[in-house]
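A short worksheet on the structure shown next.
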Amino acid sequence: MGNEESPQITRRATRLSSSTPVTSNEVETEKITKPYKLTVNDFVFGGEKLSFNDLLSSFPARGNQIRELLRLLGPVNSPMLPLFVYGDPSTGKTSTILQIFRHLNRPFVYASCLTCYSLQILFESVLDQLLLHKKNAANGYSSARRCVKPSDFVNFLRGDLTSVIEKLKSLKKVGPNKSAGKPSGNMLYLIFDNLELIHEWDKSSTALSFMFNLYDVLKMHEVGLIFISNTSPDTYYSNMGYTEHVPVYFPEYTEDDLRQILMRNQPNRKLYSSFLDVVLRPFCRTTRRVDELSTAFSPLFRKYCEPLSDLASVPNEEMKRRLFSHFRPHIAPSLNEIFWVPSKSSTEAETNKDTTLKGSTRKSEVGDHFAQIDFHMSTSAKYLLISAFLASRNPATLDASLFDSTGGSDSRKRKRKASEKSIEQKEVAEQELLMKGPGTFPLERLLAIFQCITSAADSFDEDEHENDDLRAGGDGGLMSDVLLQLSSLCNANFIIKGGSCPLEGSTRYRSTVSEDLALKVARSLKFPLPNYLYRR
């Protein structure tokens, strides 16, 4: 990378540019050279301008969304209403918007709620970019201004935006800016990414109301607002009125869309296409996230190509059959191993099974018959089904005591002797709960129990077997899309939606699984479900 091109690219430390590795030579060069002084030209994306055809080819299956965003952004210096871009994770929302601004060559400020994990850090990040302030050792890696209150942020933001817009107008008076490094127009756009993470912040309701009212508070037609979220606008409804945002939905990728995306930049497209014919459909039933599929397919493709001596060869029908017969035994184990939930390989499972049979044959035969399930279910779906069963049967107030660090309730704890009155009250409460049936629970509680029991499964597995378990991918293993698994369980009527709470504004769920079926699923995973059930 040359020193003349580095300033423009260094300015945009987004998810696209931050993934570029930095060598030791570049670090030493940065220490020697003087820090680059940011200018107005750094408000654009940087690099060569992207043509419209290149923009469409970079994002297969996103042509409709690209055209819709270009229509809403309008011509240069045209006012616009706030945009709300939403869709599932890994559907190309952020990348598409950033590349659109690269195509239009318009100035913008990008702030992500993932890296700016509080309202103060978000405020200061936006103000630093507007002031062309870069944190370094000279300024002690501090922000240009300290901003905590939303009222102070509005005052600072209005003044800084006015200053930047005046600078952009002065560039226009000098002459038309047709080169890639010069901003086009005098309108500035503020992009806020990962908006759903504000729900986890302190005073989240106040912060969200402020963000959505920012357009009405500023009242500046030269400023455009774009919000990017992984959740739908329904999750942000509030009683406070604000200008309605224009929604732009990024749907989930279809199987054909994923094929087009994964086929890009492949040296041997026909060979990789034959590989996708084998793995894409079964893996799409588990997850449709591009990042998870691309990470899972990388080692599988190497396994698929092991019989080949020349990777550039074009496979015929006979070669495809030979590759499939070699690769077929690895498909089923890999479907379980892409999850973060630990699962044993088939060979290790057979070894442990033989060892158990030698100890007690009759007991294992009865247990295996009881643990058999009449349908196929992935490991992650089984744990999610158990989590939903526990959330419906156990009171929410006992989650902290049941899912402690010791892995379930500890029977060794001394229990206080209950009085006759307390016993009668428990019996009455038990009868009332039996009449009500399984209770409802929010999604947050389901995910919390899911995380607890999957982490507890590690400890139970380590106590039972001295050898290390096969953990897919180690610490960097993939986490399957739990929402996709939840949707599949809802479609199969294992979990039903029990309505929504008007105060919480979120959907509640209820488990319809019987205790016998839950025990079967738990025994197939060798999970001690009775330790986590509240017995009254």
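Residues are named by chain letter and number: chains run A, B, ... in the order of the structure tokens, numbers start at 1 in each chain, and ligands are numbered from 1 in the order shown.
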_At a cut-off of 9 Å, using only C-alpha atoms, what residues contact Phe59 in chain A? Leave out same-chain residues fewer than 6 positions from it and give the result as an MDAnalysis selection string._
chainID A and resid 66 92 95:96 261
Residues from last step as file, N, CA, C and O atoms, as a compact mmCIF listing (two decimals), in the first residue's frame:
# COMPACT_ATOMS: atom_id res chain seq x y z
N ILE A 66 -31.01 -2.57 -3.96
CA ILE A 66 -30.09 -1.51 -4.40
C ILE A 66 -30.84 -0.44 -5.17
O ILE A 66 -30.66 0.77 -4.94
N GLY A 92 -26.46 -8.80 4.12
CA GLY A 92 -25.83 -7.81 3.25
C GLY A 92 -26.31 -6.40 3.41
O GLY A 92 -26.13 -5.58 2.50
N SER A 95 -23.02 -3.88 4.11
CA SER A 95 -22.13 -3.88 2.95
C SER A 95 -22.78 -3.23 1.75
O SER A 95 -22.13 -2.47 1.01
N THR A 96 -24.06 -3.49 1.55
CA THR A 96 -24.76 -2.91 0.41
C THR A 96 -24.83 -1.39 0.52
O THR A 96 -24.58 -0.66 -0.45
N ILE A 261 -23.90 -16.43 -4.48
CA ILE A 261 -22.93 -15.74 -3.62
C ILE A 261 -21.70 -16.61 -3.40
O ILE A 261 -20.56 -16.13 -3.48
*Find the residues around Gln485 in chain A up to 8 Å (only C-alpha atoms counted), leave out those fewer than 5 positions away in its own chain, and share them as an MDAnalysis selection string.*
chainID A and resid 286 380:381 384
*asked:* Calculated over only C-alpha atoms, which of the candidates A:Leu225, A:Leu83, A:Leu293, A:Leu385 has the smallest distance to Glu255 in chain A?
replied: A:Leu293
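Relative to CA of Asp291 in chain A, CA of Cys116 in chain A is found at 22.6 Å.
Compared by their closest atoms to Ser401 in chain A, and using only C-alpha atoms, the residues A:Thr254, A:Lys203, A:Met220, A:Tyr534 rank with A:Tyr534 nearest.
Proximity ranking of A:Ala111, A:Cys284, A:Leu171, A:Leu262 relative to Ser298 in chain A places A:Leu262 first, based on only C-alpha atoms.
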*CA of Asp193 in chain A and CA of Ser112 in chain A, how far apart in Å?*
4.5 Å
Long-range neighbours of Ser514 in chain A as a PDB file with all heavy atoms, in the first residue's frame, 10 Å cut-off, only C-alpha atoms, 3 positions minimum in chain:
ATOM      1  N   PHE A 389     -38.964 -26.415  27.021  1.00  0.00           N
ATOM      2  CA  PHE A 389     -39.699 -27.231  27.992  1.00  0.00           C
ATOM      3  C   PHE A 389     -39.442 -26.757  29.418  1.00  0.00           C
ATOM      4  O   PHE A 389     -40.366 -26.638  30.231  1.00  0.00           O
ATOM      5  CB  PHE A 389     -39.292 -28.697  27.823  1.00  0.00           C
ATOM      6  CG  PHE A 389     -39.896 -29.614  28.843  1.00  0.00           C
ATOM      7  CD1 PHE A 389     -41.223 -30.009  28.745  1.00  0.00           C
ATOM      8  CD2 PHE A 389     -39.142 -30.090  29.910  1.00  0.00           C
ATOM      9  CE1 PHE A 389     -41.781 -30.864  29.695  1.00  0.00           C
ATOM     10  CE2 PHE A 389     -39.687 -30.932  30.852  1.00  0.00           C
ATOM     11  CZ  PHE A 389     -41.016 -31.322  30.752  1.00  0.00           C
ATOM     12  N   PRO A 438     -48.722 -25.459  30.879  1.00  0.00           N
ATOM     13  CA  PRO A 438     -47.394 -24.858  30.678  1.00  0.00           C
ATOM     14  C   PRO A 438     -47.498 -23.347  30.509  1.00  0.00           C
ATOM     15  O   PRO A 438     -48.396 -22.836  29.835  1.00  0.00           O
ATOM     16  CB  PRO A 438     -46.878 -25.534  29.394  1.00  0.00           C
ATOM     17  CG  PRO A 438     -47.689 -26.783  29.267  1.00  0.00           C
ATOM     18  CD  PRO A 438     -49.024 -26.475  29.871  1.00  0.00           C
ATOM     19  N   PHE A 494     -43.898 -27.981  18.018  1.00  0.00           N
ATOM     20  CA  PHE A 494     -43.265 -28.295  19.294  1.00  0.00           C
ATOM     21  C   PHE A 494     -43.307 -27.087  20.229  1.00  0.00           C
ATOM     22  O   PHE A 494     -43.347 -27.230  21.438  1.00  0.00           O
ATOM     23  CB  PHE A 494     -41.815 -28.730  19.080  1.00  0.00           C
ATOM     24  CG  PHE A 494     -41.671 -30.087  18.462  1.00  0.00           C
ATOM     25  CD1 PHE A 494     -41.054 -30.256  17.249  1.00  0.00           C
ATOM     26  CD2 PHE A 494     -42.188 -31.201  19.105  1.00  0.00           C
ATOM     27  CE1 PHE A 494     -40.925 -31.508  16.678  1.00  0.00           C
ATOM     28  CE2 PHE A 494     -42.066 -32.466  18.551  1.00  0.00           C
ATOM     29  CZ  PHE A 494     -41.440 -32.618  17.329  1.00  0.00           C
ATOM     30  N   SER A 511     -44.196 -24.120  25.315  1.00  0.00           N
ATOM     31  CA  SER A 511     -43.787 -25.449  24.873  1.00  0.00           C
ATOM     32  C   SER A 511     -44.974 -26.402  24.958  1.00  0.00           C
ATOM     33  O   SER A 511     -45.706 -26.432  25.953  1.00  0.00           O
ATOM     34  CB  SER A 511     -42.639 -25.972  25.746  1.00  0.00           C
ATOM     35  OG  SER A 511     -42.348 -27.308  25.441  1.00  0.00           O
ATOM     36  N   LEU A 517     -41.572 -37.053  26.131  1.00  0.00           N
ATOM     37  CA  LEU A 517     -40.800 -36.733  24.935  1.00  0.00           C
ATOM     38  C   LEU A 517     -39.564 -35.906  25.283  1.00  0.00           C
ATOM     39  O   LEU A 517     -38.485 -36.098  24.703  1.00  0.00           O
ATOM     40  CB  LEU A 517     -41.673 -35.979  23.928  1.00  0.00           C
ATOM     41  CG  LEU A 517     -41.007 -35.570  22.614  1.00  0.00           C
ATOM     42  CD1 LEU A 517     -40.448 -36.784  21.900  1.00  0.00           C
ATOM     43  CD2 LEU A 517     -41.975 -34.814  21.729  1.00  0.00           C
ATOM     44  N   ALA A 518     -39.714 -35.001  26.233  1.00  0.00           N
ATOM     45  CA  ALA A 518     -38.563 -34.194  26.651  1.00  0.00           C
ATOM     46  C   ALA A 518     -37.475 -35.072  27.270  1.00  0.00           C
ATOM     47  O   ALA A 518     -36.276 -34.860  27.039  1.00  0.00           O
ATOM     48  CB  ALA A 518     -39.003 -33.118  27.639  1.00  0.00           C
ATOM     49  N   LEU A 519     -37.882 -36.101  28.040  1.00  0.00           N
ATOM     50  CA  LEU A 519     -36.901 -37.014  28.615  1.00  0.00           C
ATOM     51  C   LEU A 519     -36.221 -37.849  27.540  1.00  0.00           C
ATOM     52  O   LEU A 519     -35.027 -38.155  27.631  1.00  0.00           O
ATOM     53  CB  LEU A 519     -37.583 -37.926  29.640  1.00  0.00           C
ATOM     54  CG  LEU A 519     -37.997 -37.254  30.962  1.00  0.00           C
ATOM     55  CD1 LEU A 519     -38.808 -38.214  31.802  1.00  0.00           C
ATOM     56  CD2 LEU A 519     -36.761 -36.778  31.725  1.00  0.00           C
TER      57      LEU A 519
END
